[in-house]
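What follows is model31.cif (mmCIF, N, CA and C atoms).
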data_final
#
loop_
_atom_site.label_atom_id
_atom_site.label_comp_id
_atom_site.auth_asym_id
_atom_site.auth_seq_id
_atom_site.Cartn_x
_atom_site.Cartn_y
_atom_site.Cartn_z
N MET A 1 0.41 -10.55 2.90
CA MET A 1 0.83 -9.39 2.15
C MET A 1 2.13 -9.68 1.39
N THR A 2 2.27 -9.02 0.27
CA THR A 2 3.46 -9.17 -0.54
C THR A 2 4.22 -7.85 -0.57
N LEU A 3 5.49 -7.91 -0.32
CA LEU A 3 6.34 -6.73 -0.41
C LEU A 3 6.96 -6.69 -1.80
N LYS A 4 6.78 -5.56 -2.47
CA LYS A 4 7.43 -5.34 -3.76
C LYS A 4 8.52 -4.31 -3.55
N ALA A 5 9.64 -4.53 -4.20
CA ALA A 5 10.77 -3.62 -4.05
C ALA A 5 11.48 -3.45 -5.38
N GLY A 6 12.04 -2.28 -5.57
CA GLY A 6 12.85 -2.01 -6.75
C GLY A 6 13.93 -1.03 -6.38
N ALA A 7 15.07 -1.13 -7.03
CA ALA A 7 16.19 -0.24 -6.72
C ALA A 7 16.92 0.13 -8.00
N ALA A 8 17.50 1.32 -8.00
CA ALA A 8 18.28 1.77 -9.14
C ALA A 8 19.34 2.74 -8.66
N THR A 9 20.43 2.79 -9.40
CA THR A 9 21.51 3.73 -9.11
C THR A 9 21.98 4.33 -10.42
N SER A 10 22.28 5.62 -10.38
CA SER A 10 22.75 6.30 -11.58
C SER A 10 23.94 7.18 -11.22
N ASP A 11 24.93 7.21 -12.09
CA ASP A 11 26.10 8.07 -11.90
C ASP A 11 25.71 9.49 -12.29
N VAL A 12 25.81 10.43 -11.36
CA VAL A 12 25.46 11.83 -11.62
C VAL A 12 26.69 12.73 -11.51
N SER A 13 27.87 12.15 -11.68
CA SER A 13 29.11 12.93 -11.61
C SER A 13 29.14 13.96 -12.73
N PRO A 14 29.54 15.20 -12.41
CA PRO A 14 29.65 16.21 -13.47
C PRO A 14 30.80 15.87 -14.42
N HIS A 15 30.68 16.33 -15.64
CA HIS A 15 31.72 16.13 -16.64
C HIS A 15 32.63 17.35 -16.66
N GLY A 16 33.89 17.14 -16.68
CA GLY A 16 34.83 18.25 -16.72
C GLY A 16 35.07 18.84 -15.35
N PRO A 17 35.99 19.78 -15.26
CA PRO A 17 36.32 20.40 -13.98
C PRO A 17 35.17 21.27 -13.47
N VAL A 18 34.91 21.15 -12.17
CA VAL A 18 33.91 22.00 -11.51
C VAL A 18 34.46 22.42 -10.16
N ALA A 19 33.96 23.54 -9.67
CA ALA A 19 34.32 23.96 -8.32
C ALA A 19 33.64 23.01 -7.34
N LEU A 20 34.39 22.56 -6.35
CA LEU A 20 33.85 21.65 -5.34
C LEU A 20 33.33 22.47 -4.17
N PHE A 21 32.14 22.15 -3.74
CA PHE A 21 31.50 22.89 -2.67
C PHE A 21 31.69 22.14 -1.36
N GLY A 22 31.73 22.85 -0.27
CA GLY A 22 31.83 22.20 1.03
C GLY A 22 32.86 22.87 1.92
N TYR A 23 33.83 23.49 1.31
CA TYR A 23 34.82 24.27 2.05
C TYR A 23 34.90 25.63 1.36
N PRO A 24 33.98 26.55 1.69
CA PRO A 24 33.83 27.78 0.92
C PRO A 24 35.02 28.73 0.97
N HIS A 25 35.94 28.55 1.89
CA HIS A 25 37.07 29.46 1.99
C HIS A 25 38.33 28.91 1.34
N VAL A 26 38.18 27.77 0.68
CA VAL A 26 39.30 27.14 -0.01
C VAL A 26 38.88 26.91 -1.46
N ARG A 27 39.67 27.40 -2.40
CA ARG A 27 39.35 27.19 -3.81
C ARG A 27 39.76 25.78 -4.20
N ARG A 28 38.77 24.97 -4.57
CA ARG A 28 39.04 23.59 -4.99
C ARG A 28 38.31 23.33 -6.29
N ILE A 29 39.03 22.93 -7.30
CA ILE A 29 38.46 22.58 -8.61
C ILE A 29 38.75 21.10 -8.85
N SER A 30 37.73 20.37 -9.27
CA SER A 30 37.93 18.94 -9.51
C SER A 30 38.91 18.71 -10.65
N THR A 31 39.65 17.64 -10.55
CA THR A 31 40.61 17.27 -11.59
C THR A 31 40.26 15.94 -12.22
N GLY A 32 39.12 15.39 -11.85
CA GLY A 32 38.68 14.10 -12.36
C GLY A 32 37.75 13.47 -11.35
N VAL A 33 37.37 12.24 -11.61
CA VAL A 33 36.44 11.53 -10.74
C VAL A 33 37.19 10.37 -10.08
N HIS A 34 37.35 10.43 -8.77
CA HIS A 34 37.96 9.32 -8.02
C HIS A 34 36.89 8.28 -7.73
N ASP A 35 35.77 8.72 -7.18
CA ASP A 35 34.61 7.88 -6.92
C ASP A 35 33.41 8.58 -7.51
N PRO A 36 32.55 7.89 -8.24
CA PRO A 36 31.41 8.55 -8.86
C PRO A 36 30.41 9.08 -7.82
N LEU A 37 29.79 10.18 -8.15
CA LEU A 37 28.67 10.70 -7.36
C LEU A 37 27.43 9.97 -7.86
N LEU A 38 26.65 9.44 -6.93
CA LEU A 38 25.52 8.60 -7.31
C LEU A 38 24.18 9.19 -6.87
N SER A 39 23.17 8.81 -7.60
CA SER A 39 21.78 8.99 -7.21
C SER A 39 21.23 7.58 -7.07
N SER A 40 20.77 7.26 -5.87
CA SER A 40 20.25 5.91 -5.62
C SER A 40 18.79 6.00 -5.19
N VAL A 41 17.97 5.07 -5.68
CA VAL A 41 16.54 5.09 -5.39
C VAL A 41 16.09 3.71 -4.96
N LEU A 42 15.26 3.68 -3.93
CA LEU A 42 14.65 2.43 -3.46
C LEU A 42 13.14 2.63 -3.43
N TYR A 43 12.40 1.73 -4.06
CA TYR A 43 10.94 1.75 -4.09
C TYR A 43 10.45 0.56 -3.27
N LEU A 44 9.55 0.83 -2.33
CA LEU A 44 8.96 -0.24 -1.51
C LEU A 44 7.45 -0.11 -1.54
N GLU A 45 6.78 -1.23 -1.77
CA GLU A 45 5.32 -1.26 -1.80
C GLU A 45 4.84 -2.47 -1.02
N ASP A 46 3.88 -2.24 -0.14
CA ASP A 46 3.29 -3.33 0.65
C ASP A 46 1.78 -3.14 0.60
N GLY A 47 1.14 -3.80 -0.33
CA GLY A 47 -0.30 -3.62 -0.49
C GLY A 47 -0.63 -2.24 -1.02
N PRO A 48 -1.48 -1.48 -0.30
CA PRO A 48 -1.90 -0.18 -0.82
C PRO A 48 -0.89 0.94 -0.61
N GLY A 49 0.12 0.75 0.23
CA GLY A 49 1.08 1.81 0.52
C GLY A 49 2.40 1.62 -0.19
N ALA A 50 3.02 2.74 -0.53
CA ALA A 50 4.33 2.69 -1.19
C ALA A 50 5.14 3.91 -0.80
N VAL A 51 6.46 3.75 -0.81
CA VAL A 51 7.38 4.86 -0.56
C VAL A 51 8.51 4.81 -1.58
N VAL A 52 9.09 5.97 -1.83
CA VAL A 52 10.28 6.08 -2.67
C VAL A 52 11.33 6.79 -1.83
N LEU A 53 12.49 6.16 -1.69
CA LEU A 53 13.61 6.73 -0.94
C LEU A 53 14.71 7.08 -1.93
N VAL A 54 15.12 8.34 -1.94
CA VAL A 54 16.14 8.83 -2.86
C VAL A 54 17.35 9.30 -2.05
N ALA A 55 18.53 8.86 -2.42
CA ALA A 55 19.77 9.31 -1.79
C ALA A 55 20.67 9.92 -2.86
N LEU A 56 21.12 11.15 -2.62
CA LEU A 56 21.95 11.88 -3.58
C LEU A 56 23.31 12.16 -2.98
N ASP A 57 24.36 11.95 -3.74
CA ASP A 57 25.71 12.30 -3.29
C ASP A 57 25.95 13.79 -3.53
N LEU A 58 25.33 14.59 -2.68
CA LEU A 58 25.49 16.04 -2.69
C LEU A 58 25.64 16.51 -1.25
N LEU A 59 26.17 17.72 -1.07
CA LEU A 59 26.29 18.28 0.27
C LEU A 59 24.91 18.51 0.88
N PHE A 60 24.02 19.10 0.10
CA PHE A 60 22.65 19.35 0.53
C PHE A 60 21.80 19.61 -0.71
N LEU A 61 20.52 19.71 -0.51
CA LEU A 61 19.58 20.04 -1.58
C LEU A 61 18.64 21.10 -1.04
N ASP A 62 18.49 22.20 -1.76
CA ASP A 62 17.61 23.26 -1.26
C ASP A 62 16.15 22.80 -1.32
N PRO A 63 15.30 23.29 -0.42
CA PRO A 63 13.90 22.84 -0.36
C PRO A 63 13.11 22.97 -1.66
N PRO A 64 13.25 24.06 -2.44
CA PRO A 64 12.49 24.12 -3.70
C PRO A 64 12.88 23.01 -4.68
N THR A 65 14.15 22.67 -4.77
CA THR A 65 14.57 21.60 -5.66
C THR A 65 14.09 20.25 -5.16
N ALA A 66 14.18 20.03 -3.83
CA ALA A 66 13.67 18.78 -3.26
C ALA A 66 12.18 18.64 -3.54
N GLY A 67 11.43 19.73 -3.39
CA GLY A 67 9.99 19.69 -3.69
C GLY A 67 9.72 19.39 -5.15
N SER A 68 10.52 19.97 -6.03
CA SER A 68 10.36 19.72 -7.46
C SER A 68 10.61 18.25 -7.79
N ILE A 69 11.62 17.66 -7.16
CA ILE A 69 11.90 16.23 -7.38
C ILE A 69 10.74 15.39 -6.86
N ARG A 70 10.24 15.71 -5.66
CA ARG A 70 9.11 14.96 -5.09
C ARG A 70 7.90 15.01 -6.01
N ARG A 71 7.59 16.20 -6.52
CA ARG A 71 6.44 16.34 -7.42
C ARG A 71 6.65 15.54 -8.71
N ALA A 72 7.84 15.56 -9.25
CA ALA A 72 8.12 14.82 -10.49
C ALA A 72 7.97 13.32 -10.27
N VAL A 73 8.47 12.82 -9.14
CA VAL A 73 8.33 11.39 -8.84
C VAL A 73 6.86 11.04 -8.67
N ALA A 74 6.11 11.87 -7.95
CA ALA A 74 4.69 11.61 -7.73
C ALA A 74 3.91 11.60 -9.05
N ARG A 75 4.25 12.50 -9.96
CA ARG A 75 3.57 12.56 -11.27
C ARG A 75 3.82 11.30 -12.09
N ARG A 76 5.02 10.74 -11.98
CA ARG A 76 5.41 9.60 -12.82
C ARG A 76 5.11 8.25 -12.19
N THR A 77 4.69 8.26 -10.94
CA THR A 77 4.41 7.01 -10.24
C THR A 77 3.06 7.12 -9.54
N SER A 78 2.66 6.08 -8.88
CA SER A 78 1.43 6.11 -8.09
C SER A 78 1.73 6.47 -6.63
N VAL A 79 2.95 6.89 -6.35
CA VAL A 79 3.37 7.22 -4.98
C VAL A 79 3.05 8.69 -4.69
N PRO A 80 2.30 8.96 -3.61
CA PRO A 80 2.00 10.35 -3.27
C PRO A 80 3.29 11.12 -2.93
N GLU A 81 3.27 12.42 -3.21
CA GLU A 81 4.41 13.28 -2.93
C GLU A 81 4.86 13.17 -1.47
N SER A 82 3.92 13.01 -0.56
CA SER A 82 4.26 12.91 0.87
C SER A 82 4.98 11.62 1.23
N CYS A 83 5.05 10.69 0.30
CA CYS A 83 5.74 9.41 0.53
C CYS A 83 7.02 9.29 -0.28
N VAL A 84 7.52 10.42 -0.76
CA VAL A 84 8.80 10.46 -1.48
C VAL A 84 9.79 11.16 -0.55
N PHE A 85 10.84 10.44 -0.16
CA PHE A 85 11.81 10.96 0.80
C PHE A 85 13.15 11.14 0.11
N ILE A 86 13.77 12.29 0.32
CA ILE A 86 15.04 12.61 -0.34
C ILE A 86 16.08 12.92 0.72
N SER A 87 17.25 12.32 0.59
CA SER A 87 18.35 12.61 1.50
C SER A 87 19.63 12.87 0.70
N CYS A 88 20.58 13.52 1.34
CA CYS A 88 21.88 13.76 0.74
C CYS A 88 22.96 13.18 1.64
N THR A 89 24.02 12.67 1.04
CA THR A 89 25.09 12.06 1.80
C THR A 89 25.98 13.08 2.49
N HIS A 90 25.84 14.33 2.14
CA HIS A 90 26.59 15.45 2.71
C HIS A 90 28.08 15.38 2.37
N THR A 91 28.37 15.04 1.12
CA THR A 91 29.76 15.02 0.69
C THR A 91 30.30 16.45 0.57
N HIS A 92 31.52 16.64 1.01
CA HIS A 92 32.19 17.94 0.87
C HIS A 92 33.08 17.96 -0.36
N SER A 93 32.95 16.97 -1.22
CA SER A 93 33.75 16.90 -2.43
C SER A 93 32.88 16.73 -3.66
N GLY A 94 31.78 17.44 -3.68
CA GLY A 94 30.88 17.43 -4.83
C GLY A 94 30.55 18.85 -5.24
N PRO A 95 29.87 19.01 -6.36
CA PRO A 95 29.51 20.35 -6.83
C PRO A 95 28.35 20.93 -6.02
N LEU A 96 28.17 22.22 -6.14
CA LEU A 96 27.03 22.89 -5.54
C LEU A 96 25.76 22.39 -6.22
N PRO A 97 24.69 22.14 -5.48
CA PRO A 97 23.44 21.71 -6.11
C PRO A 97 23.01 22.67 -7.21
N PRO A 98 22.50 22.16 -8.31
CA PRO A 98 22.26 22.98 -9.50
C PRO A 98 21.28 24.13 -9.34
N ALA A 99 20.28 24.04 -8.50
CA ALA A 99 19.27 25.09 -8.43
C ALA A 99 19.56 26.15 -7.38
N ASP A 100 20.61 26.01 -6.61
CA ASP A 100 20.89 26.94 -5.53
C ASP A 100 21.65 28.15 -6.07
N THR A 101 20.95 29.01 -6.81
CA THR A 101 21.59 30.12 -7.52
C THR A 101 22.15 31.18 -6.58
N LYS A 102 21.52 31.40 -5.42
CA LYS A 102 22.02 32.41 -4.49
C LYS A 102 23.41 32.01 -3.99
N ARG A 103 23.54 30.77 -3.52
CA ARG A 103 24.85 30.31 -3.05
C ARG A 103 25.81 30.16 -4.22
N ARG A 104 25.31 29.74 -5.38
CA ARG A 104 26.18 29.56 -6.55
C ARG A 104 26.84 30.88 -6.92
N THR A 105 26.07 31.96 -6.92
CA THR A 105 26.61 33.27 -7.29
C THR A 105 27.68 33.69 -6.29
N ALA A 106 27.40 33.56 -4.99
CA ALA A 106 28.36 33.96 -3.97
C ALA A 106 29.61 33.09 -4.03
N PHE A 107 29.43 31.80 -4.17
CA PHE A 107 30.56 30.87 -4.20
C PHE A 107 31.39 31.09 -5.46
N SER A 108 30.74 31.26 -6.58
CA SER A 108 31.44 31.46 -7.84
C SER A 108 32.26 32.74 -7.80
N HIS A 109 31.67 33.82 -7.28
CA HIS A 109 32.36 35.11 -7.21
C HIS A 109 33.57 35.01 -6.28
N GLN A 110 33.38 34.36 -5.15
CA GLN A 110 34.45 34.24 -4.16
C GLN A 110 35.64 33.47 -4.72
N ASN A 111 35.38 32.42 -5.46
CA ASN A 111 36.45 31.57 -5.96
C ASN A 111 36.91 31.94 -7.37
N GLN A 112 36.24 32.88 -8.00
CA GLN A 112 36.58 33.27 -9.36
C GLN A 112 36.61 32.09 -10.31
N ALA A 113 35.66 31.17 -10.12
CA ALA A 113 35.59 30.01 -11.00
C ALA A 113 34.12 29.58 -11.11
N PRO A 114 33.72 29.03 -12.26
CA PRO A 114 32.34 28.56 -12.37
C PRO A 114 32.09 27.40 -11.42
N CYS A 115 30.87 27.30 -10.93
CA CYS A 115 30.57 26.27 -9.93
C CYS A 115 29.93 25.03 -10.51
N TRP A 116 29.58 25.02 -11.77
CA TRP A 116 28.95 23.81 -12.32
C TRP A 116 29.40 23.56 -13.72
#
The structure given in the file should be rewritten as structure tokens.
Amino acid sequence: MTLKAGAATSDVSPHGPVALFGYPHVRRISTGVHDPLLSSVLYLEDGPGAVVLVALDLLFLDPPTAGSIRRAVARRTSVPESCVFISCTHTHSGPLPPADTKRRTAFSHQNQAPCW
């Protein structure tokens, strides 16, 4: 058997100041990028089976957004949705995930600052 592998990394740091999520009772606005927030992907294939492993530098990802990413990867590749795995590094110094509007509204109102 032959193992095929591929990897990629992309900088997903927001541009400009954003409210940092992770400590909801403390107002924190970014002042720049010390270390980039990354999206990293690893593809592994061994014969008929393949998996895609995605790691995001976010505190968390809500299930609907994770499902949307899995479906998009499955549509663009031959990897079934059930073989696309997504994890987050759980950073407390990143923005709120983009699709989490319920938390975004509460967080934004509490801090009186936009969250993204």
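Note that CA of Ala8 in chain A and CA of Val41 in chain A are 5.3 Å apart.
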Taking the file as shown, find all residues satisfying the PyMOL selection byres ((chain A and resi 70-87) around 6.5) and write them as an mmCIF file with N, CA and C atoms, keeping the file's coordinate frame.
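Output saved as result17.cif:
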data_model
loop_
_atom_site.group_PDB
_atom_site.id
_atom_site.type_symbol
_atom_site.label_atom_id
_atom_site.label_comp_id
_atom_site.auth_asym_id
_atom_site.auth_seq_id
_atom_site.Cartn_x
_atom_site.Cartn_y
_atom_site.Cartn_z
ATOM 1 N N ALA A 50 3.020 2.740 -0.530
ATOM 2 C CA ALA A 50 4.330 2.690 -1.190
ATOM 3 C C ALA A 50 5.140 3.910 -0.800
ATOM 4 N N VAL A 51 6.460 3.750 -0.810
ATOM 5 C CA VAL A 51 7.380 4.860 -0.560
ATOM 6 C C VAL A 51 8.510 4.810 -1.580
ATOM 7 N N VAL A 52 9.090 5.970 -1.830
ATOM 8 C CA VAL A 52 10.280 6.080 -2.670
ATOM 9 C C VAL A 52 11.330 6.790 -1.830
ATOM 10 N N LEU A 53 12.490 6.160 -1.690
ATOM 11 C CA LEU A 53 13.610 6.730 -0.940
ATOM 12 C C LEU A 53 14.710 7.080 -1.930
ATOM 13 N N VAL A 54 15.120 8.340 -1.940
ATOM 14 C CA VAL A 54 16.140 8.830 -2.860
ATOM 15 C C VAL A 54 17.350 9.300 -2.050
ATOM 16 N N ALA A 55 18.530 8.860 -2.420
ATOM 17 C CA ALA A 55 19.770 9.310 -1.790
ATOM 18 C C ALA A 55 20.670 9.920 -2.860
ATOM 19 N N LEU A 56 21.120 11.150 -2.620
ATOM 20 C CA LEU A 56 21.950 11.880 -3.580
ATOM 21 C C LEU A 56 23.310 12.160 -2.980
ATOM 22 N N THR A 65 14.150 22.670 -4.770
ATOM 23 C CA THR A 65 14.570 21.600 -5.660
ATOM 24 C C THR A 65 14.090 20.250 -5.160
ATOM 25 N N ALA A 66 14.180 20.030 -3.830
ATOM 26 C CA ALA A 66 13.670 18.780 -3.260
ATOM 27 C C ALA A 66 12.180 18.640 -3.540
ATOM 28 N N GLY A 67 11.430 19.730 -3.390
ATOM 29 C CA GLY A 67 9.990 19.690 -3.690
ATOM 30 C C GLY A 67 9.720 19.390 -5.150
ATOM 31 N N SER A 68 10.520 19.970 -6.030
ATOM 32 C CA SER A 68 10.360 19.720 -7.460
ATOM 33 C C SER A 68 10.610 18.250 -7.790
ATOM 34 N N ILE A 69 11.620 17.660 -7.160
ATOM 35 C CA ILE A 69 11.900 16.230 -7.380
ATOM 36 C C ILE A 69 10.740 15.390 -6.860
ATOM 37 N N CYS A 88 20.580 13.520 1.340
ATOM 38 C CA CYS A 88 21.880 13.760 0.740
ATOM 39 C C CYS A 88 22.960 13.180 1.640
ATOM 40 N N THR A 89 24.020 12.670 1.040
ATOM 41 C CA THR A 89 25.090 12.060 1.800
ATOM 42 C C THR A 89 25.980 13.080 2.490
#
Handout entry: Result set, the PyMOL selection byres (((chain A and resi 59 and name CA) around 9) and name CA) on current file, as a ChimeraX atom specification
Key = /A:21-22,56-58,60-61,88-97
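For the pair atom N of Leu44 in chain A and atom C of Thr9 in chain A, the separation is 15.2 Å.
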Practice task
I would like the residues chosen by the PyMOL selection byres ((chain A and resi 46) around 6) on the shown file; could you give them as number ranges by chain?
Solution key: A: 2-4, 44-45, 47-50
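From CA of Leu37 in chain A back to CA of Tyr23 in chain A, the distance works out to 17.6 Å.
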Exercise for the section: Return as a PyMOL selection string the full set of residues in range 9-42 of chain A whose backbone-based DSSP assignment is strand (DSSP E or B). Expected result: chain A and resi 9-11+19+21+29+38-42
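Between Gly6 in chain A and the candidates A:Leu20, A:Pro36, A:Asp62, A:Leu42, the tightest atom-to-atom separation, counting only C-alpha atoms, involves A:Leu42.
DSSP, applied to the backbone of this structure, assigns alpha helix (DSSP H) to the following residues of range 19-108 of chain A: A:Pro63, A:Pro64, A:Thr65, A:Ala66, A:Gly67, A:Ser68, A:Ile69, A:Arg70, A:Arg71, A:Ala72, A:Val73, A:Ala74, A:Arg75, A:Arg76, A:Thr101, A:Lys102, A:Arg103, A:Arg104, A:Thr105, A:Ala106, A:Phe107, A:Ser108.
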Output, as JSON, the centre and edge lengths in Å (one decimal) of the axis-aligned box that contains all listed atoms of range 89-93 of chain A with 3 Å of margin on each side.
{"center_x": 28.9, "center_y": 15.0, "center_z": -0.5, "size_x": 15.7, "size_y": 11.9, "size_z": 12.4}
